[in-house]
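Peer 1: The structure's right below; bear with me while I get my questions together.
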Amino acid sequence: MTMTLNHTHDPAARSWLESANAAGTDFPIQNLPFGVFRRRATNEAFRGGVAIGDQVIDLISVTASGTLSGLAADAARAAAQPALNDLLAMGPAAWSALRHALFDALKAGATGPGVDALRASLVPQSAVEHTVPSRIGDYTDFY
């Protein structure tokens, strides 16, 4: 599979979230990895999130805001589950749609309800615990 770089990989891109612009951060705006988390020391359900700077975007909160539309909204709903299998099953077009929507709302100078929804959905990484991001359906021994 050939991967084409797009505007979300621009090394000059900056975020309004200052910790995403810090030198040496693992999660700048160009790297928006999906994972599954919950707030530490709670019994709340695990759910999908996206790391950015020193924060995690709670995708349940983002989907509840109604600010995403189309394929990005469908992908966010799939990613907000306790495992990322439904998102993975949607394929690259859905992954890209969600990544582009998040990138556009996170970049410096962005305004509007999408930005407000992301700000409200941020959870400090220091306050979360992660779990395996997908349901493993079978085991293969490569011995």
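Identifiers in the structure tokens: chain A, B, ... in order shown; residue index from 1 per chain; ligand index from 1 in order shown.
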Report as a list in words all protein, DNA and RNA residues lying within 7 Å of region 61-75 of chain A, evaluated on only C-alpha atoms, omitting residues in the same chain fewer than 6 positions from it.

Peer 2: Leu87, Ala94, Trp95, Ala97, Leu98, Ala101, Pro113, Gly114, Ala117, Leu118 and Ser121 of chain A

Peer 1: Within 10 Å of Gln30 (chain A), counting only C-alpha atoms, which residues qualify if same-chain residues fewer than 6 places away don't, as a PyMOL selection string?

Peer 2: chain A and resi 7-15+20+52+99+103+107

Peer 1: Looking only at the backbone, which of the residues in region 43-88 of chain A does DSSP tag as alpha helix (DSSP H), as a list in words?

Peer 2: Leu59, Ile60, Ser61, Val62, Thr63, Ala64, Ser65, Gly70, Leu71, Ala72, Ala73, Asp74, Ala75, Ala76, Arg77, Ala78, Ala79, Asn85, Asp86, Leu87 and Leu88 of chain A

Peer 1: Go ahead and write the selection's residues with C-alpha atoms as a PDB file, in the first residue's frame.

Peer 2:
ATOM      1  CA  LEU A  59     -14.043  10.594  21.365  1.00  0.00           C
ATOM      2  CA  ILE A  60     -17.294   9.942  23.243  1.00  0.00           C
ATOM      3  CA  SER A  61     -17.331  13.620  24.182  1.00  0.00           C
ATOM      4  CA  VAL A  62     -16.531  14.677  20.625  1.00  0.00           C
ATOM      5  CA  THR A  63     -19.281  12.524  19.111  1.00  0.00           C
ATOM      6  CA  ALA A  64     -21.799  13.776  21.682  1.00  0.00           C
ATOM      7  CA  SER A  65     -21.023  17.353  20.634  1.00  0.00           C
ATOM      8  CA  GLY A  70     -20.194  12.681   7.339  1.00  0.00           C
ATOM      9  CA  LEU A  71     -17.578   9.978   7.295  1.00  0.00           C
ATOM     10  CA  ALA A  72     -15.548  11.705  10.051  1.00  0.00           C
ATOM     11  CA  ALA A  73     -18.555  11.517  12.393  1.00  0.00           C
ATOM     12  CA  ASP A  74     -19.162   7.860  11.505  1.00  0.00           C
ATOM     13  CA  ALA A  75     -15.480   7.068  12.150  1.00  0.00           C
ATOM     14  CA  ALA A  76     -15.514   8.945  15.472  1.00  0.00           C
ATOM     15  CA  ARG A  77     -18.551   6.944  16.632  1.00  0.00           C
ATOM     16  CA  ALA A  78     -16.784   3.706  15.673  1.00  0.00           C
ATOM     17  CA  ALA A  79     -13.584   4.816  17.417  1.00  0.00           C
ATOM     18  CA  ASN A  85     -12.150  -2.943  15.757  1.00  0.00           C
ATOM     19  CA  ASP A  86     -15.169  -1.137  14.271  1.00  0.00           C
ATOM     20  CA  LEU A  87     -12.991   1.797  13.210  1.00  0.00           C
ATOM     21  CA  LEU A  88     -10.360  -0.518  11.745  1.00  0.00           C
TER      22      LEU A  88
END

Peer 1: Need to verify the contact set: Val115 (chain A), 8 Å, only C-alpha atoms, exclusion of same-chain residues closer than 5 positions in sequence. Can you return it as a ChimeraX atom specification?

Peer 2: /A:105-106,110

Peer 1: Run DSSP on the backbone and grab whatever in region 52-108 of chain A lands in strand (DSSP E); send it over as a count of residues only.

Peer 2: 5

Peer 1: Which distance in Å separates CA of Gly53 (chain A) and CA of Ala22 (chain A), to one decimal?

Peer 2: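 Taking CA of Gly53 (chain A) as the start and CA of Ala22 (chain A) as the end point, the length is 7.8 Å.
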
Peer 1: Write out as a PDB file with N, CA, C and O atoms, in the first residue's frame the residues lying within 10 Å of region 123-138 of chain A, counting only C-alpha atoms and excluding same-chain residues fewer than 3 positions away.

Peer 2:
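Result went into selection.pdb, see below:
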ATOM      1  N   PHE A  34      -4.515   6.775  17.694  1.00  0.00           N
ATOM      2  CA  PHE A  34      -5.731   6.289  18.339  1.00  0.00           C
ATOM      3  C   PHE A  34      -5.364   5.291  19.422  1.00  0.00           C
ATOM      4  O   PHE A  34      -4.395   4.550  19.296  1.00  0.00           O
ATOM      5  N   GLY A  35      -6.144   5.255  20.474  1.00  0.00           N
ATOM      6  CA  GLY A  35      -5.958   4.304  21.553  1.00  0.00           C
ATOM      7  C   GLY A  35      -7.261   4.143  22.308  1.00  0.00           C
ATOM      8  O   GLY A  35      -8.290   4.709  21.925  1.00  0.00           O
ATOM      9  N   VAL A  36      -7.218   3.361  23.378  1.00  0.00           N
ATOM     10  CA  VAL A  36      -8.397   3.136  24.217  1.00  0.00           C
ATOM     11  C   VAL A  36      -7.997   3.435  25.657  1.00  0.00           C
ATOM     12  O   VAL A  36      -6.971   2.953  26.130  1.00  0.00           O
ATOM     13  N   PHE A  37      -8.802   4.226  26.344  1.00  0.00           N
ATOM     14  CA  PHE A  37      -8.444   4.707  27.680  1.00  0.00           C
ATOM     15  C   PHE A  37      -9.681   4.861  28.562  1.00  0.00           C
ATOM     16  O   PHE A  37     -10.809   4.786  28.101  1.00  0.00           O
ATOM     17  N   ARG A  38      -9.416   5.129  29.814  1.00  0.00           N
ATOM     18  CA  ARG A  38     -10.431   5.618  30.754  1.00  0.00           C
ATOM     19  C   ARG A  38      -9.678   6.422  31.814  1.00  0.00           C
ATOM     20  O   ARG A  38      -8.455   6.317  31.943  1.00  0.00           O
ATOM     21  N   ARG A  39     -10.421   7.229  32.561  1.00  0.00           N
ATOM     22  CA  ARG A  39      -9.796   7.987  33.643  1.00  0.00           C
ATOM     23  C   ARG A  39      -9.325   7.001  34.719  1.00  0.00           C
ATOM     24  O   ARG A  39     -10.059   6.097  35.090  1.00  0.00           O
ATOM     25  N   ARG A  40      -8.095   7.191  35.184  1.00  0.00           N
ATOM     26  CA  ARG A  40      -7.496   6.320  36.194  1.00  0.00           C
ATOM     27  C   ARG A  40      -8.322   6.333  37.469  1.00  0.00           C
ATOM     28  O   ARG A  40      -8.905   7.345  37.828  1.00  0.00           O
ATOM     29  N   ALA A  41      -8.363   5.189  38.147  1.00  0.00           N
ATOM     30  CA  ALA A  41      -9.042   5.022  39.439  1.00  0.00           C
ATOM     31  C   ALA A  41     -10.554   5.244  39.339  1.00  0.00           C
ATOM     32  O   ALA A  41     -11.184   5.710  40.278  1.00  0.00           O
ATOM     33  N   THR A  42     -11.117   4.918  38.186  1.00  0.00           N
ATOM     34  CA  THR A  42     -12.575   4.982  38.014  1.00  0.00           C
ATOM     35  C   THR A  42     -13.056   3.634  37.492  1.00  0.00           C
ATOM     36  O   THR A  42     -12.265   2.814  37.033  1.00  0.00           O
ATOM     37  N   PHE A  46     -13.959   1.818  29.256  1.00  0.00           N
ATOM     38  CA  PHE A  46     -12.895   2.225  28.344  1.00  0.00           C
ATOM     39  C   PHE A  46     -13.550   2.748  27.082  1.00  0.00           C
ATOM     40  O   PHE A  46     -14.637   2.318  26.700  1.00  0.00           O
ATOM     41  N   ARG A  47     -12.872   3.702  26.433  1.00  0.00           N
ATOM     42  CA  ARG A  47     -13.390   4.265  25.194  1.00  0.00           C
ATOM     43  C   ARG A  47     -12.235   4.783  24.351  1.00  0.00           C
ATOM     44  O   ARG A  47     -11.131   4.988  24.825  1.00  0.00           O
ATOM     45  N   GLY A  48     -12.525   4.998  23.067  1.00  0.00           N
ATOM     46  CA  GLY A  48     -11.510   5.463  22.141  1.00  0.00           C
ATOM     47  C   GLY A  48     -11.100   6.894  22.423  1.00  0.00           C
ATOM     48  O   GLY A  48     -11.893   7.718  22.871  1.00  0.00           O
ATOM     49  N   GLY A  49      -9.836   7.146  22.159  1.00  0.00           N
ATOM     50  CA  GLY A  49      -9.293   8.489  22.314  1.00  0.00           C
ATOM     51  C   GLY A  49      -8.152   8.702  21.338  1.00  0.00           C
ATOM     52  O   GLY A  49      -7.693   7.761  20.682  1.00  0.00           O
ATOM     53  N   ALA A  51      -4.370  10.766  21.189  1.00  0.00           N
ATOM     54  CA  ALA A  51      -3.362  11.524  21.922  1.00  0.00           C
ATOM     55  C   ALA A  51      -2.976  12.773  21.141  1.00  0.00           C
ATOM     56  O   ALA A  51      -2.843  12.747  19.917  1.00  0.00           O
ATOM     57  N   ILE A  52      -2.789  13.872  21.882  1.00  0.00           N
ATOM     58  CA  ILE A  52      -2.290  15.134  21.326  1.00  0.00           C
ATOM     59  C   ILE A  52      -1.576  15.858  22.462  1.00  0.00           C
ATOM     60  O   ILE A  52      -2.175  16.099  23.519  1.00  0.00           O
ATOM     61  N   GLY A  53      -0.295  16.142  22.277  1.00  0.00           N
ATOM     62  CA  GLY A  53       0.473  16.786  23.339  1.00  0.00           C
ATOM     63  C   GLY A  53       0.421  15.955  24.599  1.00  0.00           C
ATOM     64  O   GLY A  53       0.652  14.752  24.579  1.00  0.00           O
ATOM     65  N   ASP A  54       0.081  16.602  25.720  1.00  0.00           N
ATOM     66  CA  ASP A  54      -0.019  15.878  26.995  1.00  0.00           C
ATOM     67  C   ASP A  54      -1.475  15.559  27.351  1.00  0.00           C
ATOM     68  O   ASP A  54      -1.805  15.334  28.497  1.00  0.00           O
ATOM     69  N   GLN A  55      -2.332  15.511  26.346  1.00  0.00           N
ATOM     70  CA  GLN A  55      -3.763  15.291  26.538  1.00  0.00           C
ATOM     71  C   GLN A  55      -4.250  14.102  25.703  1.00  0.00           C
ATOM     72  O   GLN A  55      -3.555  13.644  24.794  1.00  0.00           O
ATOM     73  N   VAL A  56      -5.468  13.655  26.004  1.00  0.00           N
ATOM     74  CA  VAL A  56      -6.165  12.658  25.203  1.00  0.00           C
ATOM     75  C   VAL A  56      -7.527  13.253  24.842  1.00  0.00           C
ATOM     76  O   VAL A  56      -8.226  13.788  25.711  1.00  0.00           O
ATOM     77  N   ILE A  57      -7.882  13.166  23.586  1.00  0.00           N
ATOM     78  CA  ILE A  57      -9.205  13.602  23.136  1.00  0.00           C
ATOM     79  C   ILE A  57     -10.180  12.456  23.399  1.00  0.00           C
ATOM     80  O   ILE A  57     -10.001  11.356  22.877  1.00  0.00           O
ATOM     81  N   ASP A  58     -11.188  12.708  24.197  1.00  0.00           N
ATOM     82  CA  ASP A  58     -12.218  11.717  24.510  1.00  0.00           C
ATOM     83  C   ASP A  58     -13.215  11.703  23.347  1.00  0.00           C
ATOM     84  O   ASP A  58     -13.980  12.653  23.158  1.00  0.00           O
ATOM     85  N   ALA A  79     -14.795   4.747  16.598  1.00  0.00           N
ATOM     86  CA  ALA A  79     -13.584   4.816  17.417  1.00  0.00           C
ATOM     87  C   ALA A  79     -13.875   5.077  18.884  1.00  0.00           C
ATOM     88  O   ALA A  79     -13.016   4.858  19.735  1.00  0.00           O
ATOM     89  N   GLN A  81     -15.742   3.465  20.814  1.00  0.00           N
ATOM     90  CA  GLN A  81     -16.112   2.214  21.472  1.00  0.00           C
ATOM     91  C   GLN A  81     -14.986   1.705  22.385  1.00  0.00           C
ATOM     92  O   GLN A  81     -13.877   2.223  22.355  1.00  0.00           O
ATOM     93  N   PRO A  82     -15.229   0.654  23.176  1.00  0.00           N
ATOM     94  CA  PRO A  82     -14.207   0.094  24.060  1.00  0.00           C
ATOM     95  C   PRO A  82     -13.077  -0.636  23.326  1.00  0.00           C
ATOM     96  O   PRO A  82     -12.120  -1.081  23.948  1.00  0.00           O
ATOM     97  N   ALA A  83     -13.194  -0.778  22.012  1.00  0.00           N
ATOM     98  CA  ALA A  83     -12.139  -1.353  21.178  1.00  0.00           C
ATOM     99  C   ALA A  83     -12.204  -0.667  19.818  1.00  0.00           C
ATOM    100  O   ALA A  83     -13.259  -0.173  19.420  1.00  0.00           O
ATOM    101  N   LEU A  84     -11.095  -0.645  19.111  1.00  0.00           N
ATOM    102  CA  LEU A  84     -11.027   0.067  17.830  1.00  0.00           C
ATOM    103  C   LEU A  84     -11.383  -0.811  16.630  1.00  0.00           C
ATOM    104  O   LEU A  84     -11.263  -0.365  15.493  1.00  0.00           O
ATOM    105  N   ASN A  85     -11.852  -2.030  16.854  1.00  0.00           N
ATOM    106  CA  ASN A  85     -12.150  -2.943  15.757  1.00  0.00           C
ATOM    107  C   ASN A  85     -13.124  -2.360  14.736  1.00  0.00           C
ATOM    108  O   ASN A  85     -12.925  -2.515  13.530  1.00  0.00           O
ATOM    109  N   ASP A  86     -14.188  -1.702  15.208  1.00  0.00           N
ATOM    110  CA  ASP A  86     -15.169  -1.137  14.271  1.00  0.00           C
ATOM    111  C   ASP A  86     -14.540  -0.046  13.411  1.00  0.00           C
ATOM    112  O   ASP A  86     -14.827   0.038  12.213  1.00  0.00           O
ATOM    113  N   LEU A  87     -13.687   0.772  13.994  1.00  0.00           N
ATOM    114  CA  LEU A  87     -12.991   1.797  13.210  1.00  0.00           C
ATOM    115  C   LEU A  87     -12.061   1.132  12.203  1.00  0.00           C
ATOM    116  O   LEU A  87     -12.042   1.507  11.026  1.00  0.00           O
ATOM    117  N   LEU A  88     -11.298   0.157  12.644  1.00  0.00           N
ATOM    118  CA  LEU A  88     -10.360  -0.518  11.745  1.00  0.00           C
ATOM    119  C   LEU A  88     -11.092  -1.156  10.568  1.00  0.00           C
ATOM    120  O   LEU A  88     -10.602  -1.124   9.438  1.00  0.00           O
ATOM    121  N   ARG A 119     -11.677  21.190  22.876  1.00  0.00           N
ATOM    122  CA  ARG A 119     -11.196  21.716  24.171  1.00  0.00           C
ATOM    123  C   ARG A 119     -11.945  21.062  25.332  1.00  0.00           C
ATOM    124  O   ARG A 119     -11.342  20.697  26.335  1.00  0.00           O
ATOM    125  N   ALA A 120     -13.248  20.912  25.189  1.00  0.00           N
ATOM    126  CA  ALA A 120     -14.070  20.333  26.257  1.00  0.00           C
ATOM    127  C   ALA A 120     -13.825  18.832  26.423  1.00  0.00           C
ATOM    128  O   ALA A 120     -14.131  18.275  27.481  1.00  0.00           O
TER     129      ALA A 120
END
